[in-house]
>>> print(open('target-v6.pdb').read())   # PDB, C-alpha atoms
ATOM      1  CA  MET A  13     -41.555 -70.058 169.930
ATOM      2  CA  SER A  14     -41.438 -67.504 172.746
ATOM      3  CA  SER A  15     -37.814 -68.367 173.577
ATOM      4  CA  GLU A  16     -36.863 -67.725 169.944
ATOM      5  CA  LEU A  17     -38.675 -64.372 169.991
ATOM      6  CA  THR A  18     -36.985 -63.480 173.274
ATOM      7  CA  TYR A  19     -33.604 -64.337 171.764
ATOM      8  CA  LEU A  20     -34.296 -62.227 168.659
ATOM      9  CA  ALA A  21     -35.534 -59.317 170.773
ATOM     10  CA  ARG A  22     -32.362 -59.459 172.868
ATOM     11  CA  LEU A  23     -30.208 -59.351 169.737
ATOM     12  CA  ASN A  24     -32.083 -56.229 168.665
ATOM     13  CA  SER A  25     -31.766 -54.437 172.015
ATOM     14  CA  ILE A  26     -28.916 -52.511 173.562
ATOM     15  CA  ALA A  27     -26.193 -54.364 175.419
ATOM     16  CA  THR A  28     -26.941 -55.202 179.027
ATOM     17  CA  LYS A  29     -24.607 -58.069 179.949
ATOM     18  CA  GLU A  30     -20.899 -57.464 179.356
ATOM     19  CA  LEU A  31     -18.341 -54.914 178.167
ATOM     20  CA  LYS A  32     -14.764 -55.804 177.236
ATOM     21  CA  ILE A  33     -11.972 -53.516 176.029
ATOM     22  CA  SER A  34      -8.784 -55.058 174.680
ATOM     23  CA  ALA A  35      -5.671 -53.928 172.807
ATOM     24  CA  VAL A  36      -4.892 -55.589 169.474
ATOM     25  CA  GLU A  37      -1.683 -55.263 167.464
ATOM     26  CA  VAL A  38      -2.372 -55.024 163.735
ATOM     27  CA  PHE A  39       0.093 -56.125 161.062
ATOM     28  CA  GLY A  40       0.240 -55.979 157.253
ATOM     29  CA  SER A  41      -1.834 -59.104 156.649
ATOM     30  CA  PRO A  42      -5.480 -59.758 157.558
ATOM     31  CA  SER A  43      -6.073 -61.160 161.035
ATOM     32  CA  GLU A  44      -9.397 -61.978 162.662
ATOM     33  CA  VAL A  45     -10.465 -59.971 165.685
ATOM     34  CA  GLU A  46     -11.607 -62.760 167.974
ATOM     35  CA  SER A  47     -14.103 -62.108 170.738
ATOM     36  CA  GLN A  48     -12.616 -61.528 174.186
ATOM     37  CA  LEU A  49     -15.955 -61.742 176.013
ATOM     38  CA  VAL A  50     -15.613 -64.186 178.908
ATOM     39  CA  LEU A  51     -19.053 -64.487 180.508
ATOM     40  CA  GLY A  52     -20.604 -66.601 177.735
ATOM     41  CA  TYR A  53     -22.839 -63.927 176.217
ATOM     42  CA  SER A  54     -23.062 -63.274 172.469
ATOM     43  CA  ARG A  55     -21.490 -60.090 171.147
ATOM     44  CA  LYS A  56     -24.007 -57.496 169.970
ATOM     45  CA  GLY A  57     -21.568 -55.000 168.593
ATOM     46  CA  MET A  58     -18.035 -53.735 168.635
ATOM     47  CA  ALA A  59     -16.086 -50.555 168.063
ATOM     48  CA  PHE A  60     -12.469 -49.943 167.115
ATOM     49  CA  TYR A  61     -10.353 -47.013 168.254
ATOM     50  CA  ASN A  62      -7.183 -46.573 166.204
ATOM     51  CA  ASN A  63      -4.579 -45.903 168.901
ATOM     52  CA  SER A  64      -1.591 -46.179 166.533
ATOM     53  CA  ASN A  65       1.698 -44.350 166.823
ATOM     54  CA  ALA A  66       2.888 -45.692 163.451
ATOM     55  CA  ALA A  67       3.717 -43.212 160.691
ATOM     56  CA  SER A  68       0.628 -43.804 158.547
ATOM     57  CA  GLY A  69      -1.361 -45.441 161.307
ATOM     58  CA  GLU A  70      -4.174 -46.381 158.957
ATOM     59  CA  VAL A  71      -5.917 -49.688 159.558
ATOM     60  CA  VAL A  72      -8.632 -51.238 157.392
ATOM     61  CA  TRP A  73     -11.297 -53.782 158.291
ATOM     62  CA  GLY A  74     -13.376 -56.191 156.256
ATOM     63  CA  ASN A  75     -13.834 -59.883 155.540
ATOM     64  CA  SER A  76     -11.100 -62.536 155.430
ATOM     65  CA  ASP A  77      -9.651 -61.320 152.123
ATOM     66  CA  VAL A  78      -9.493 -57.638 153.091
ATOM     67  CA  THR A  79      -6.767 -55.577 151.415
ATOM     68  CA  ALA A  80      -5.648 -51.967 151.697
ATOM     69  CA  ALA A  81      -7.611 -51.300 148.485
ATOM     70  CA  THR A  82     -10.855 -53.043 149.507
ATOM     71  CA  GLY A  83     -11.066 -52.525 153.271
ATOM     72  CA  MET A  84     -12.984 -49.879 155.184
ATOM     73  CA  PRO A  85     -10.411 -47.442 156.650
ATOM     74  CA  ILE A  86     -10.046 -46.623 160.331
ATOM     75  CA  PRO A  87      -7.784 -43.530 160.349
ATOM     76  CA  LYS A  88      -5.386 -42.892 163.214
ATOM     77  CA  GLY A  89      -7.203 -41.388 166.211
ATOM     78  CA  CYS A  90     -10.691 -42.383 165.037
ATOM     79  CA  LEU A  91     -13.412 -44.413 166.741
ATOM     80  CA  PHE A  92     -15.353 -46.680 164.384
ATOM     81  CA  ASP A  93     -18.536 -48.528 165.404
ATOM     82  CA  ILE A  94     -19.228 -51.919 163.815
ATOM     83  CA  PRO A  95     -22.656 -53.352 164.755
ATOM     84  CA  VAL A  96     -21.834 -57.044 164.202
ATOM     85  CA  SER A  97     -22.519 -60.139 166.246
ATOM     86  CA  VAL A  98     -19.996 -62.829 167.083
ATOM     87  CA  ASP A  99     -21.257 -64.877 164.108
ATOM     88  CA  ILE A 100     -19.717 -62.446 161.618
ATOM     89  CA  PRO A 101     -15.917 -62.581 161.587
ATOM     90  CA  VAL A 102     -14.157 -59.216 161.275
ATOM     91  CA  TYR A 103     -10.599 -58.948 159.973
ATOM     92  CA  VAL A 104      -8.204 -56.018 160.301
ATOM     93  CA  MET A 105      -4.896 -55.183 158.666
ATOM     94  CA  ASN A 106      -2.397 -52.362 158.440
ATOM     95  CA  THR A 107      -2.206 -50.509 155.126
ATOM     96  CA  VAL A 108       1.599 -50.157 155.209
ATOM     97  CA  SER A 109       3.714 -53.306 155.152
ATOM     98  CA  GLY A 110       6.139 -53.473 158.072
ATOM     99  CA  GLU A 111       4.181 -51.114 160.321
ATOM    100  CA  ILE A 112       2.507 -52.314 163.498
ATOM    101  CA  SER A 113      -0.654 -50.469 164.483
ATOM    102  CA  ASN A 114      -2.550 -50.584 167.746
ATOM    103  CA  LEU A 115      -6.330 -50.849 168.036
ATOM    104  CA  ARG A 116      -8.522 -50.703 171.100
ATOM    105  CA  VAL A 117     -11.434 -53.070 170.587
ATOM    106  CA  ILE A 118     -14.624 -52.526 172.569
ATOM    107  CA  GLU A 119     -17.127 -55.389 172.592
ATOM    108  CA  ILE A 120     -20.597 -55.294 174.108
ATOM    109  CA  ALA A 121     -23.014 -58.083 174.922
TER
END
>>> encode(input="target-v6.pdb", output="structure tokens")
Amino acid sequence: MSSELTYLARLNSIATKELKISAVEVFGSPSEVESQLVLGYSRKGMAFYNNSNAASGEVVWGNSDVTAATGMPIPKGCLFDIPVSVDIPVYVMNTVSGEISNLRVIEIA
């Protein structure tokens, strides 16, 4: 029981184990942002920075069937915090077909 409580307490605390920043190219169809953490710890949260040079530059995030109409927008030049663990898949997509956007993904564990 105490190991389960310790695990739950760790999930509720700030990150203390690992930080990873990676660049992700985003296209016009939903793609999962897979964890890039390498030390074996579980992700506690992530943030996206929209580093796009594309004309519209807008990216949206959501579940696997995210669309430009249903996704949460991440405007060009914005930092967006998403407090999700590795167990919840996050998908991103560009709102303009044919554009390629660039996100910086920050993961903490």
>>> residues_around(input="target-v6.pdb", residues="Thr107 in chain A", least_positions_apart="2", cutoff="9 Å", atoms="all atoms listed in the file", output="PDB file with C-alpha atoms, in the frame of the given file")
ATOM      1  CA  PHE A  39       0.093 -56.125 161.062  1.00  0.00           C
ATOM      2  CA  GLY A  40       0.240 -55.979 157.253  1.00  0.00           C
ATOM      3  CA  SER A  41      -1.834 -59.104 156.649  1.00  0.00           C
ATOM      4  CA  SER A  68       0.628 -43.804 158.547  1.00  0.00           C
ATOM      5  CA  GLY A  69      -1.361 -45.441 161.307  1.00  0.00           C
ATOM      6  CA  GLU A  70      -4.174 -46.381 158.957  1.00  0.00           C
ATOM      7  CA  VAL A  71      -5.917 -49.688 159.558  1.00  0.00           C
ATOM      8  CA  VAL A  72      -8.632 -51.238 157.392  1.00  0.00           C
ATOM      9  CA  THR A  79      -6.767 -55.577 151.415  1.00  0.00           C
ATOM     10  CA  ALA A  80      -5.648 -51.967 151.697  1.00  0.00           C
ATOM     11  CA  ALA A  81      -7.611 -51.300 148.485  1.00  0.00           C
ATOM     12  CA  PRO A  85     -10.411 -47.442 156.650  1.00  0.00           C
ATOM     13  CA  MET A 105      -4.896 -55.183 158.666  1.00  0.00           C
ATOM     14  CA  SER A 109       3.714 -53.306 155.152  1.00  0.00           C
ATOM     15  CA  GLU A 111       4.181 -51.114 160.321  1.00  0.00           C
TER      16      GLU A 111
END
>>> closest_residue(input="target-v6.pdb", among="A:Val98, A:Met84, A:Val104, A:Ala59", to="Ser34 in chain A", atoms="only C-alpha atoms")
A:Ala59
>>> closest_residue(input="target-v6.pdb", among="A:Val45, A:Ala67, A:Val50, A:Met58", to="Pro101 in chain A", atoms="all atoms listed in the file")
A:Val45
>>> axis_aligned_box(input="target-v6.pdb", around="range 57-71 of chain A", padding_each_side="8 Å", output="lines of an AutoDock Vina configuration file")
center_x = -8.9
center_y = -49.1
center_z = 163.7
size_x = 41.3
size_y = 27.8
size_z = 26.4
>>> closest_residue(input="target-v6.pdb", among="A:Val38, A:Ala27, A:Val78, A:Ile118", to="Val102 in chain A", atoms="all atoms listed in the file")
A:Val78
>>> residues_around(input="target-v6.pdb", residues="Phe92 in chain A", least_positions_apart="5", cutoff="7 Å", atoms="only C-alpha atoms", output="PyMOL selection string")
chain A and resi 59-61+86
>>> write_last_selection(input="target-v6.pdb", atoms="C-alpha atoms", output="PDB file, in the frame of the given file")
ATOM      1  CA  ALA A  59     -16.086 -50.555 168.063  1.00  0.00           C
ATOM      2  CA  PHE A  60     -12.469 -49.943 167.115  1.00  0.00           C
ATOM      3  CA  TYR A  61     -10.353 -47.013 168.254  1.00  0.00           C
ATOM      4  CA  ILE A  86     -10.046 -46.623 160.331  1.00  0.00           C
TER       5      ILE A  86
END
>>> resolve_selection(input="target-v6.pdb", expression="the PyMOL selection byres ((chain A and resi 63) around 6)", output="VMD selection string")
chain A and resid 61 to 62 64 89 114 to 115
>>> atom_distance(input="target-v6.pdb", atom1="CA of Ala121 in chain A", atom2="CA of Asp99 in chain A")
12.9 Å
>>> atom_distance(input="target-v6.pdb", atom1="CA of Leu31 in chain A", atom2="CA of Leu51 in chain A")
9.9 Å
>>> atom_distance(input="target-v6.pdb", atom1="CA of Tyr53 in chain A", atom2="CA of Cys90 in chain A")
27.1 Å
>>> closest_residue(input="target-v6.pdb", among="A:Ile33, A:Val96, A:Ile112, A:Leu91", to="Lys56 in chain A", atoms="only C-alpha atoms")
A:Val96
>>> closest_residue(input="target-v6.pdb", among="A:Asn65, A:Thr82, A:Ser97, A:Asn106", to="Ser43 in chain A", atoms="all atoms listed in the file")
A:Asn106
